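K.L.:
For reference, the structure I am asking about is given below.
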Amino acid sequence: MNRAALILSLFLALPVSAQELAPDALVRKVTEEVLAAIKSDKDLQAGDRKKALALAEEKILPHVDFREATQIAMGRSWREATPAQQKQLVDEFRALLVRIYSSAIDVYRGQTMKVLPLRAGRDDTDVKVRNQYISEGRPPVAVDYSMMKTPSGWKIYDISVEGISLVLTYRSEFESIVRASGIEGLIKRLQEKNA
């Protein structure tokens, strides 16, 4: 095998090996990469929103299942949406969550992370990876990642901070908007929030 073919085969094998990471190992890897990026970049430390957004897009978002997150946030209303509306809802909810994730990057500046032992069976396809973010002089902050195994590897579909689900916090708001204005009304409201 020539050198170019070897490099190409190693490059193509990288996504497979990343997908094979256990959910807790994946969370640990991604979180360590994000915290290291924050620690080493003066612009991120100063709160540069563009860099935080780029970091979230590169390191965090490829590991999030936005369709599943949107379905959970929508509850029963999800089934009322047409496939085109579902796509719009996923796109708009993704944009909203991206802003939240990139804002959260600044919050974790100067913290360390501890992944707690995973309580899952070998064949489980839906797990909760429990973490603690630790800041000197403060009690640890519990952050749990709800993850499911997909054909493309483990994906996060919800994040809970101190027991409060990010996705479920939107459910009552979304249901209220759908009752008052329908699915199109919710799409419009999300577009307004993201504008």
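In the structure tokens, chains take the letters A, B, ... in the order shown, each chain's residues start at 1, and ligands count up from 1 in the order shown.
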Name the residues in contact with range 166-177 of chain A at a cut-off of 10 Å, using only C-alpha atoms, excluding same-chain residues fewer than 4 positions from it; report them as a list of chain:residue names.
P.N.:
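After dropping sequence-adjacent residues, the list is A:Glu68, A:Ala69, A:Thr70, A:Gln71, A:Ile72, A:Ala73, A:Met74, A:Gly75, A:Arg76, A:Ser77, A:Trp78, A:Phe93, A:Leu97, A:Ile100, A:Tyr157, A:Asp158, A:Ile159, A:Ser160, A:Val161, A:Ser181, A:Gly182, A:Ile183, A:Glu184, A:Gly185, A:Leu186, A:Ile187, A:Arg189, A:Leu190.
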K.L.:
List every residue of range 30-149 of chain A that DSSP, applied to the backbone of this structure, assigns to strand (DSSP E or B), and report them as an NGL selection string.
P.N.:
:A and (64 or 112-115 or 126-134 or 141-149)
K.L.:
Dump N, CA and C atoms for the selected residues as a PDB file, in the first residue's frame?
P.N.:
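The file below, selection-v3.pdb, is the result:
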ATOM      1  N   VAL A  64     -25.006  15.904  18.563  1.00  0.00           N
ATOM      2  CA  VAL A  64     -26.354  16.165  19.051  1.00  0.00           C
ATOM      3  C   VAL A  64     -27.370  15.709  18.016  1.00  0.00           C
ATOM      4  N   THR A 112     -13.270  22.625  35.675  1.00  0.00           N
ATOM      5  CA  THR A 112     -12.850  21.282  35.296  1.00  0.00           C
ATOM      6  C   THR A 112     -14.094  20.409  35.273  1.00  0.00           C
ATOM      7  N   MET A 113     -13.966  19.258  34.650  1.00  0.00           N
ATOM      8  CA  MET A 113     -15.105  18.371  34.495  1.00  0.00           C
ATOM      9  C   MET A 113     -14.740  16.982  34.985  1.00  0.00           C
ATOM     10  N   LYS A 114     -15.705  16.373  35.666  1.00  0.00           N
ATOM     11  CA  LYS A 114     -15.529  15.007  36.146  1.00  0.00           C
ATOM     12  C   LYS A 114     -16.707  14.185  35.623  1.00  0.00           C
ATOM     13  N   VAL A 115     -16.403  13.150  34.824  1.00  0.00           N
ATOM     14  CA  VAL A 115     -17.446  12.244  34.352  1.00  0.00           C
ATOM     15  C   VAL A 115     -17.620  11.166  35.409  1.00  0.00           C
ATOM     16  N   ASP A 126     -29.966   3.679  25.297  1.00  0.00           N
ATOM     17  CA  ASP A 126     -30.374   4.989  25.806  1.00  0.00           C
ATOM     18  C   ASP A 126     -29.779   5.120  27.203  1.00  0.00           C
ATOM     19  N   VAL A 127     -28.878   6.079  27.382  1.00  0.00           N
ATOM     20  CA  VAL A 127     -28.167   6.201  28.647  1.00  0.00           C
ATOM     21  C   VAL A 127     -28.112   7.658  29.099  1.00  0.00           C
ATOM     22  N   LYS A 128     -27.765   7.834  30.355  1.00  0.00           N
ATOM     23  CA  LYS A 128     -27.534   9.163  30.902  1.00  0.00           C
ATOM     24  C   LYS A 128     -26.094   9.209  31.393  1.00  0.00           C
ATOM     25  N   VAL A 129     -25.310  10.111  30.819  1.00  0.00           N
ATOM     26  CA  VAL A 129     -23.924  10.307  31.240  1.00  0.00           C
ATOM     27  C   VAL A 129     -23.915  11.469  32.215  1.00  0.00           C
ATOM     28  N   ARG A 130     -23.550  11.158  33.448  1.00  0.00           N
ATOM     29  CA  ARG A 130     -23.575  12.160  34.527  1.00  0.00           C
ATOM     30  C   ARG A 130     -22.188  12.787  34.690  1.00  0.00           C
ATOM     31  N   ASN A 131     -22.182  14.100  34.830  1.00  0.00           N
ATOM     32  CA  ASN A 131     -20.938  14.859  34.983  1.00  0.00           C
ATOM     33  C   ASN A 131     -21.068  15.847  36.128  1.00  0.00           C
ATOM     34  N   GLN A 132     -19.930  16.302  36.566  1.00  0.00           N
ATOM     35  CA  GLN A 132     -19.892  17.421  37.494  1.00  0.00           C
ATOM     36  C   GLN A 132     -18.895  18.430  36.948  1.00  0.00           C
ATOM     37  N   TYR A 133     -19.327  19.677  36.867  1.00  0.00           N
ATOM     38  CA  TYR A 133     -18.417  20.763  36.516  1.00  0.00           C
ATOM     39  C   TYR A 133     -18.000  21.409  37.816  1.00  0.00           C
ATOM     40  N   ILE A 134     -16.693  21.536  37.965  1.00  0.00           N
ATOM     41  CA  ILE A 134     -16.145  21.951  39.250  1.00  0.00           C
ATOM     42  C   ILE A 134     -15.403  23.272  39.087  1.00  0.00           C
ATOM     43  N   VAL A 141     -21.455  21.511  39.849  1.00  0.00           N
ATOM     44  CA  VAL A 141     -22.705  21.654  39.102  1.00  0.00           C
ATOM     45  C   VAL A 141     -22.933  20.341  38.351  1.00  0.00           C
ATOM     46  N   ALA A 142     -24.079  19.716  38.608  1.00  0.00           N
ATOM     47  CA  ALA A 142     -24.417  18.450  37.941  1.00  0.00           C
ATOM     48  C   ALA A 142     -24.951  18.740  36.539  1.00  0.00           C
ATOM     49  N   VAL A 143     -24.314  18.123  35.546  1.00  0.00           N
ATOM     50  CA  VAL A 143     -24.755  18.235  34.151  1.00  0.00           C
ATOM     51  C   VAL A 143     -24.856  16.816  33.611  1.00  0.00           C
ATOM     52  N   ASP A 144     -26.069  16.437  33.198  1.00  0.00           N
ATOM     53  CA  ASP A 144     -26.311  15.092  32.670  1.00  0.00           C
ATOM     54  C   ASP A 144     -26.628  15.170  31.186  1.00  0.00           C
ATOM     55  N   TYR A 145     -26.043  14.250  30.433  1.00  0.00           N
ATOM     56  CA  TYR A 145     -26.273  14.169  29.002  1.00  0.00           C
ATOM     57  C   TYR A 145     -27.099  12.916  28.724  1.00  0.00           C
ATOM     58  N   SER A 146     -28.316  13.090  28.218  1.00  0.00           N
ATOM     59  CA  SER A 146     -29.134  11.955  27.789  1.00  0.00           C
ATOM     60  C   SER A 146     -28.704  11.626  26.368  1.00  0.00           C
ATOM     61  N   MET A 147     -28.334  10.348  26.170  1.00  0.00           N
ATOM     62  CA  MET A 147     -27.775   9.944  24.879  1.00  0.00           C
ATOM     63  C   MET A 147     -28.436   8.678  24.389  1.00  0.00           C
ATOM     64  N   MET A 148     -28.501   8.547  23.064  1.00  0.00           N
ATOM     65  CA  MET A 148     -29.014   7.324  22.478  1.00  0.00           C
ATOM     66  C   MET A 148     -28.072   6.862  21.384  1.00  0.00           C
ATOM     67  N   LYS A 149     -28.046   5.556  21.221  1.00  0.00           N
ATOM     68  CA  LYS A 149     -27.182   4.971  20.190  1.00  0.00           C
ATOM     69  C   LYS A 149     -27.918   5.037  18.864  1.00  0.00           C
TER      70      LYS A 149
END
K.L.:
Have a look at A:Glu92, A:Gln111, A:Leu44, A:Gln86 and name the one nearest to Glu32 in chain A; count only C-alpha atoms.
P.N.:
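So, comparing all the options, the nearest one is A:Gln111.
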K.L.:
Between CA of Glu162 in chain A and CA of Tyr101 in chain A, what is the distance in Å, rounded to a tenth?
P.N.:
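That distance, rounded to one decimal, is 16.2 Å.
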K.L.:
Rounded to one decimal in Å, what is the spacing between CA of Ala46 in chain A and CA of Val98 in chain A?
P.N.:
19.1 Å
K.L.:
Excluding Glu33 in chain A and any residue of its chain fewer than 5 positions from it, enumerate the residues within 10 Å of it, using only C-alpha atoms, and give them as a list in words.
P.N.:
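What passes the distance filter is Val27, Arg28, Ile38, Lys39, Leu55, Lys59 and Ile60 of chain A.
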K.L.:
May I have the selected residues written with C-alpha atoms, as a PDB file, in the first residue's frame?
P.N.:
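Output file result-v8.pdb follows:
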ATOM      1  CA  VAL A  27     -18.660  13.079  26.510  1.00  0.00           C
ATOM      2  CA  ARG A  28     -15.299  13.141  28.289  1.00  0.00           C
ATOM      3  CA  ILE A  38     -11.377  27.779  26.050  1.00  0.00           C
ATOM      4  CA  LYS A  39      -8.270  27.634  28.229  1.00  0.00           C
ATOM      5  CA  LEU A  55     -16.283  25.959  18.632  1.00  0.00           C
ATOM      6  CA  LYS A  59     -16.914  20.135  18.729  1.00  0.00           C
ATOM      7  CA  ILE A  60     -20.403  19.795  20.225  1.00  0.00           C
TER       8      ILE A  60
END
